[in-house]
Structures are given as C-alpha cells and as structure tokens.
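Chemist: Let me begin by handing over the structure; questions about it come next.
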Amino acid sequence: MMMVEKKFYIESKKPLQEIGMRAQVVSFLMAHAIKDGNVVNDADPHKVIIAIRTDTEQRIIEIKAELVDYLNRLNKNDFCYRHFPSDIWASELMELNNPGYMAILPLNELSSSLMLEQTSKGVGAMRYIAETLKPLEELPSILKELSKKLK
C-alpha cells in the first residue's frame, strides 16, 4: 500500500514555541491513529512544522483541519493552556523536501523524546520555584515574634 507523506506549518501571531505545542501536536496525532510523522520548531518562533505519513492526502487534509480547530480551543482551559493562542492557522501541504528535508519518525519514539524534554523543563521549573520560595522559610519565626509583640 502506497503511503502519502506531507508537511505543513501551523502559525500564529503569538509564539508557538516554549509552550508545549510540539507535545500537544504529537499527542493529538497519536490519538487520531497517526503512527508516523514529526513535529519540529521552525526558526521563526511563530511557526511549528508538522509532517504526517498516512494512507491518503485527504486524510492529512482532514487531520490538519481538526488539529487547527483543536489547538485554537485549548486556551479556554486557563489553568493549563492560557499561553496557547487562539489564532492558529495552517499552511498548504508541502513535500517533505520543500523547503529543506524533514524526516518522518515513529510518533511513539518522538513522544518519548518530547516527554524527556518536557520533564527536564519541569525539573528546572521546580528548582526555580524552590529558590523563589526559600525566603518564606523565615516566615513562621517572624509570625511567632510578631504574635508575641502583639500580646
């Protein structure tokens, strides 16, 4: 069976990088039975490149439309996705080598790589939070002293 491979960009007026976009896209593709593809940050922080391998070009067109619709609704969840823009659009389909080649990978392997990347970002974020909260260690003794003075 002949498989079709195409790529396209998703774009926004707001940055699409450093917000977990690639992990979100890979998760979406896997949930929609896409087994092979790729998601790469472009040099322009307002663009992410997505490649898909599937049985028909029509299926890629459908996935692209559903993905854009899905991503544009994410920011309604303020707690997790408030940094996701709601003005995302997609380019036309392109060949994998235009412009510049993009490899197709098994998405389960890419998802493992992205999970490690996100986990390492989480470690950095937790260290930052711990350092930021360090001055609060003195708060109980300060409150105790203040309580004594008020009595």
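So you can find residues: chains in the structure tokens are A, B, ... in the order shown, residues in each start at 1, and ligands are numbered from 1 in order.
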Extract, using only C-alpha atoms, all DNA, RNA and protein residues at most 9 Å from Ser86 of chain A, discarding same-chain residues fewer than 4 positions from it, and format them as a VMD selection string.
Modeler: chain A and resid 12 71 to 76
Chemist: Would you put the residues from that selection into a file with C-alpha atoms, as an mmCIF file, in the first residue's frame?
Modeler:
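The resulting result_31.cif:
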data_model
loop_
_atom_site.group_PDB
_atom_site.id
_atom_site.type_symbol
_atom_site.label_atom_id
_atom_site.label_comp_id
_atom_site.auth_asym_id
_atom_site.auth_seq_id
_atom_site.Cartn_x
_atom_site.Cartn_y
_atom_site.Cartn_z
ATOM 1 C CA SER A 12 0.125 32.283 14.872
ATOM 2 C CA LEU A 71 -5.412 23.852 19.134
ATOM 3 C CA ASN A 72 -7.488 27.030 18.840
ATOM 4 C CA ARG A 73 -9.778 25.797 21.637
ATOM 5 C CA LEU A 74 -7.048 24.823 24.123
ATOM 6 C CA ASN A 75 -6.630 28.295 25.619
ATOM 7 C CA LYS A 76 -10.147 28.065 27.060
#
Chemist: Which residues of segment 80-146 of chain A come within 8 Å of segment 25-38 of chain A, and for each one, what is the closest pair of atoms and their distance in Å to one decimal, counting only C-alpha atoms, sorted by chain and residue number, as a Markdown table?
Modeler:
| residue | atom | partner | partner_atom | distance |
| --- | --- | --- | --- | --- |
| A:Met102 | CA | A:Asn38 | CA | 7.8 |
| A:Ala103 | CA | A:Asn38 | CA | 6.9 |
| A:Ile104 | CA | A:Gly37 | CA | 4.7 |
| A:Leu105 | CA | A:Gly37 | CA | 5.3 |
| A:Pro106 | CA | A:Asp36 | CA | 4.5 |
| A:Leu107 | CA | A:Asp36 | CA | 5.2 |
| A:Asn108 | CA | A:Lys35 | CA | 7.4 |
| A:Leu110 | CA | A:Asn38 | CA | 7.3 |
| A:Ser111 | CA | A:Val26 | CA | 6.6 |
Chemist: For Pro15 of chain A, which of A:Pro85, A:Met1, A:Tyr70, A:Ala51 is the closest residue, counting only C-alpha atoms?
Modeler: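 The answer is A:Pro85, which sits nearest to Pro15 of chain A.
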Chemist: List every residue of segment 76-132 of chain A that DSSP, applied to the backbone of this structure, assigns to helix (DSSP H, G or I), and report them as a PyMOL selection string.
Modeler: chain A and resi 76+78-81+107-132
Chemist: For those residues, write N, CA and C atoms to a file as a CSV table (one decimal), in the first residue's frame.
Modeler:
chain,number,residue,atom,x,y,z
A,76,LYS,N,-9.0,27.9,26.2
A,76,LYS,CA,-10.1,28.1,27.1
A,76,LYS,C,-9.9,27.4,28.4
A,78,ASP,N,-7.9,27.9,31.1
A,78,ASP,CA,-6.9,28.9,31.7
A,78,ASP,C,-5.8,28.3,32.5
A,79,PHE,N,-6.1,27.3,33.2
A,79,PHE,CA,-5.0,26.8,34.2
A,79,PHE,C,-3.9,26.2,33.4
A,80,CYS,N,-4.1,25.3,32.4
A,80,CYS,CA,-3.1,24.6,31.7
A,80,CYS,C,-2.6,25.3,30.4
A,81,TYR,N,-3.5,25.9,29.7
A,81,TYR,CA,-3.1,26.3,28.3
A,81,TYR,C,-3.4,27.8,28.0
A,107,LEU,N,5.9,8.0,15.8
A,107,LEU,CA,5.5,9.0,16.7
A,107,LEU,C,5.6,8.5,18.2
A,108,ASN,N,5.6,7.2,18.4
A,108,ASN,CA,5.8,6.8,19.8
A,108,ASN,C,7.3,7.0,20.2
A,109,GLU,N,8.2,7.0,19.3
A,109,GLU,CA,9.6,7.4,19.6
A,109,GLU,C,9.7,8.9,19.9
A,110,LEU,N,9.1,9.6,19.0
A,110,LEU,CA,9.2,11.1,19.2
A,110,LEU,C,8.5,11.5,20.5
A,111,SER,N,7.4,10.9,20.8
A,111,SER,CA,6.7,11.2,22.1
A,111,SER,C,7.6,10.9,23.3
A,112,SER,N,8.4,9.9,23.2
A,112,SER,CA,9.3,9.6,24.3
A,112,SER,C,10.4,10.7,24.5
A,113,SER,N,10.9,11.1,23.3
A,113,SER,CA,11.9,12.2,23.3
A,113,SER,C,11.3,13.5,23.9
A,114,LEU,N,10.1,13.8,23.4
A,114,LEU,CA,9.4,15.0,23.9
A,114,LEU,C,9.1,14.9,25.4
A,115,MET,N,8.7,13.8,25.9
A,115,MET,CA,8.5,13.6,27.3
A,115,MET,C,9.7,13.9,28.1
A,116,LEU,N,10.8,13.4,27.7
A,116,LEU,CA,12.1,13.7,28.4
A,116,LEU,C,12.4,15.1,28.4
A,117,GLU,N,12.2,15.8,27.2
A,117,GLU,CA,12.4,17.2,27.1
A,117,GLU,C,11.5,18.0,28.1
A,118,GLN,N,10.2,17.7,28.1
A,118,GLN,CA,9.3,18.4,29.0
A,118,GLN,C,9.6,18.1,30.5
A,119,THR,N,10.1,16.9,30.8
A,119,THR,CA,10.4,16.5,32.1
A,119,THR,C,11.6,17.4,32.6
A,120,SER,N,12.6,17.5,31.7
A,120,SER,CA,13.8,18.3,32.1
A,120,SER,C,13.4,19.8,32.3
A,121,LYS,N,12.4,20.3,31.5
A,121,LYS,CA,12.0,21.7,31.7
A,121,LYS,C,11.3,21.7,33.1
A,122,GLY,N,10.5,20.7,33.4
A,122,GLY,CA,9.8,20.7,34.7
A,122,GLY,C,10.8,20.7,35.9
A,123,VAL,N,11.9,20.0,35.8
A,123,VAL,CA,12.9,20.0,36.8
A,123,VAL,C,13.4,21.4,37.0
A,124,GLY,N,13.7,22.1,35.9
A,124,GLY,CA,14.2,23.5,36.0
A,124,GLY,C,13.1,24.4,36.7
A,125,ALA,N,11.9,24.2,36.3
A,125,ALA,CA,10.8,25.0,36.9
A,125,ALA,C,10.7,24.7,38.3
A,126,MET,N,10.8,23.5,38.8
A,126,MET,CA,10.6,23.2,40.2
A,126,MET,C,11.8,23.8,41.0
A,127,ARG,N,13.0,23.7,40.4
A,127,ARG,CA,14.1,24.4,41.1
A,127,ARG,C,13.9,25.9,41.3
A,128,TYR,N,13.4,26.5,40.2
A,128,TYR,CA,13.1,27.9,40.3
A,128,TYR,C,12.1,28.2,41.4
A,129,ILE,N,11.0,27.4,41.4
A,129,ILE,CA,10.0,27.7,42.4
A,129,ILE,C,10.6,27.5,43.8
A,130,ALA,N,11.4,26.4,44.0
A,130,ALA,CA,12.0,26.2,45.3
A,130,ALA,C,12.9,27.4,45.7
A,131,GLU,N,13.7,27.9,44.8
A,131,GLU,CA,14.6,29.0,45.1
A,131,GLU,C,13.8,30.3,45.4
A,132,THR,N,12.7,30.5,44.7
A,132,THR,CA,11.8,31.6,44.9
A,132,THR,C,11.1,31.6,46.2
Chemist: Work out how far apart atom CA of Phe84 of chain A and atom CA of Thr54 of chain A are and give it in Å to one decimal.
Modeler: 27.1 Å
Chemist: Quick one: pull the distance between atom CA of Ile19 of chain A and atom CA of Gly100 of chain A, Å, one decimal.
Modeler: 24.7 Å
Chemist: At a cut-off of 10 Å, using only C-alpha atoms, what residues contact Phe8 of chain A? Leave out same-chain residues fewer than 6 positions from it and give the result as JSON, numbers by chain.
Modeler: {"A": [39, 47, 48, 49, 50, 51, 52, 60, 61, 64, 90, 91, 92, 93, 94, 95, 96]}
Chemist: Please save N, CA and C atoms of the selected residues as an mmCIF file, in the first residue's frame.
Modeler:
data_model
loop_
_atom_site.group_PDB
_atom_site.id
_atom_site.type_symbol
_atom_site.label_atom_id
_atom_site.label_comp_id
_atom_site.auth_asym_id
_atom_site.auth_seq_id
_atom_site.Cartn_x
_atom_site.Cartn_y
_atom_site.Cartn_z
ATOM 1 N N VAL A 39 7.233 16.629 14.364
ATOM 2 C CA VAL A 39 6.833 17.980 14.750
ATOM 3 C C VAL A 39 8.102 18.695 15.189
ATOM 4 N N LYS A 47 6.061 29.696 14.254
ATOM 5 C CA LYS A 47 5.750 28.582 13.360
ATOM 6 C C LYS A 47 6.247 27.265 13.942
ATOM 7 N N VAL A 48 5.476 26.214 13.698
ATOM 8 C CA VAL A 48 5.870 24.844 14.003
ATOM 9 C C VAL A 48 5.587 24.031 12.742
ATOM 10 N N ILE A 49 6.530 23.159 12.381
ATOM 11 C CA ILE A 49 6.388 22.346 11.174
ATOM 12 C C ILE A 49 5.892 20.952 11.574
ATOM 13 N N ILE A 50 4.894 20.473 10.850
ATOM 14 C CA ILE A 50 4.308 19.170 11.138
ATOM 15 C C ILE A 50 4.371 18.314 9.879
ATOM 16 N N ALA A 51 4.873 17.094 10.024
ATOM 17 C CA ALA A 51 4.901 16.132 8.915
ATOM 18 C C ALA A 51 4.054 14.934 9.309
ATOM 19 N N ILE A 52 3.336 14.393 8.334
ATOM 20 C CA ILE A 52 2.454 13.246 8.579
ATOM 21 C C ILE A 52 2.612 12.234 7.450
ATOM 22 N N ILE A 60 -4.649 13.544 5.499
ATOM 23 C CA ILE A 60 -3.762 14.574 6.041
ATOM 24 C C ILE A 60 -4.495 15.914 6.084
ATOM 25 N N ILE A 61 -5.242 16.230 5.033
ATOM 26 C CA ILE A 61 -6.015 17.483 4.997
ATOM 27 C C ILE A 61 -7.029 17.509 6.144
ATOM 28 N N LYS A 64 -5.207 17.933 9.491
ATOM 29 C CA LYS A 64 -4.728 19.314 9.611
ATOM 30 C C LYS A 64 -5.859 20.220 10.087
ATOM 31 N N ALA A 90 -3.075 27.045 9.449
ATOM 32 C CA ALA A 90 -2.133 26.106 8.833
ATOM 33 C C ALA A 90 -1.858 26.496 7.388
ATOM 34 N N SER A 91 -0.648 26.189 6.949
ATOM 35 C CA SER A 91 -0.263 26.435 5.563
ATOM 36 C C SER A 91 -0.842 25.337 4.671
ATOM 37 N N GLU A 92 -0.603 25.490 3.396
ATOM 38 C CA GLU A 92 -0.939 24.423 2.451
ATOM 39 C C GLU A 92 0.018 23.255 2.674
ATOM 40 N N LEU A 93 -0.323 22.096 2.161
ATOM 41 C CA LEU A 93 0.559 20.933 2.253
ATOM 42 C C LEU A 93 1.766 21.121 1.334
ATOM 43 N N MET A 94 2.902 20.599 1.780
ATOM 44 C CA MET A 94 4.140 20.672 1.008
ATOM 45 C C MET A 94 4.795 19.298 0.994
ATOM 46 N N GLU A 95 5.705 19.124 0.060
ATOM 47 C CA GLU A 95 6.516 17.910 0.040
ATOM 48 C C GLU A 95 7.511 17.975 1.200
ATOM 49 N N LEU A 96 7.977 16.840 1.658
ATOM 50 C CA LEU A 96 8.898 16.802 2.802
ATOM 51 C C LEU A 96 10.215 17.515 2.537
#
Chemist: Write out as an MDAnalysis selection string the set of residues from segment 11-110 of chain A that DSSP, computed on the backbone, places in strand (DSSP E).
Modeler: chainID A and resid 11 36:41 47:54 89:90 105:106
Chemist: Quick one: pull the distance between atom CA of Val40 of chain A and atom CA of Gln58 of chain A, Å, one decimal.
Modeler: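 That distance, rounded to one decimal, is 22.2 Å.
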Chemist: Given only C-alpha atoms as the basis, pick out the residue of A:Glu18, A:Asp69, A:Glu57, A:Asp87 nearest to Met3 of chain A.
Modeler: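 Of all the options, A:Glu57 lies closest to Met3 of chain A.
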Chemist: Rank nothing, just name the residue among A:Leu150, A:Leu67, A:Ala23, A:Leu133 nearest to Ile88 of chain A, using only C-alpha atoms.
Modeler: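 Closest candidate: A:Leu67.
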Chemist: For His46 of chain A, list every protein, DNA or RNA residue within 10 Å, evaluated using only C-alpha atoms, and leave out those in the same chain fewer than 3 positions away; present the list as a ChimeraX atom specification.
Modeler: /A:9-17,41-43,88
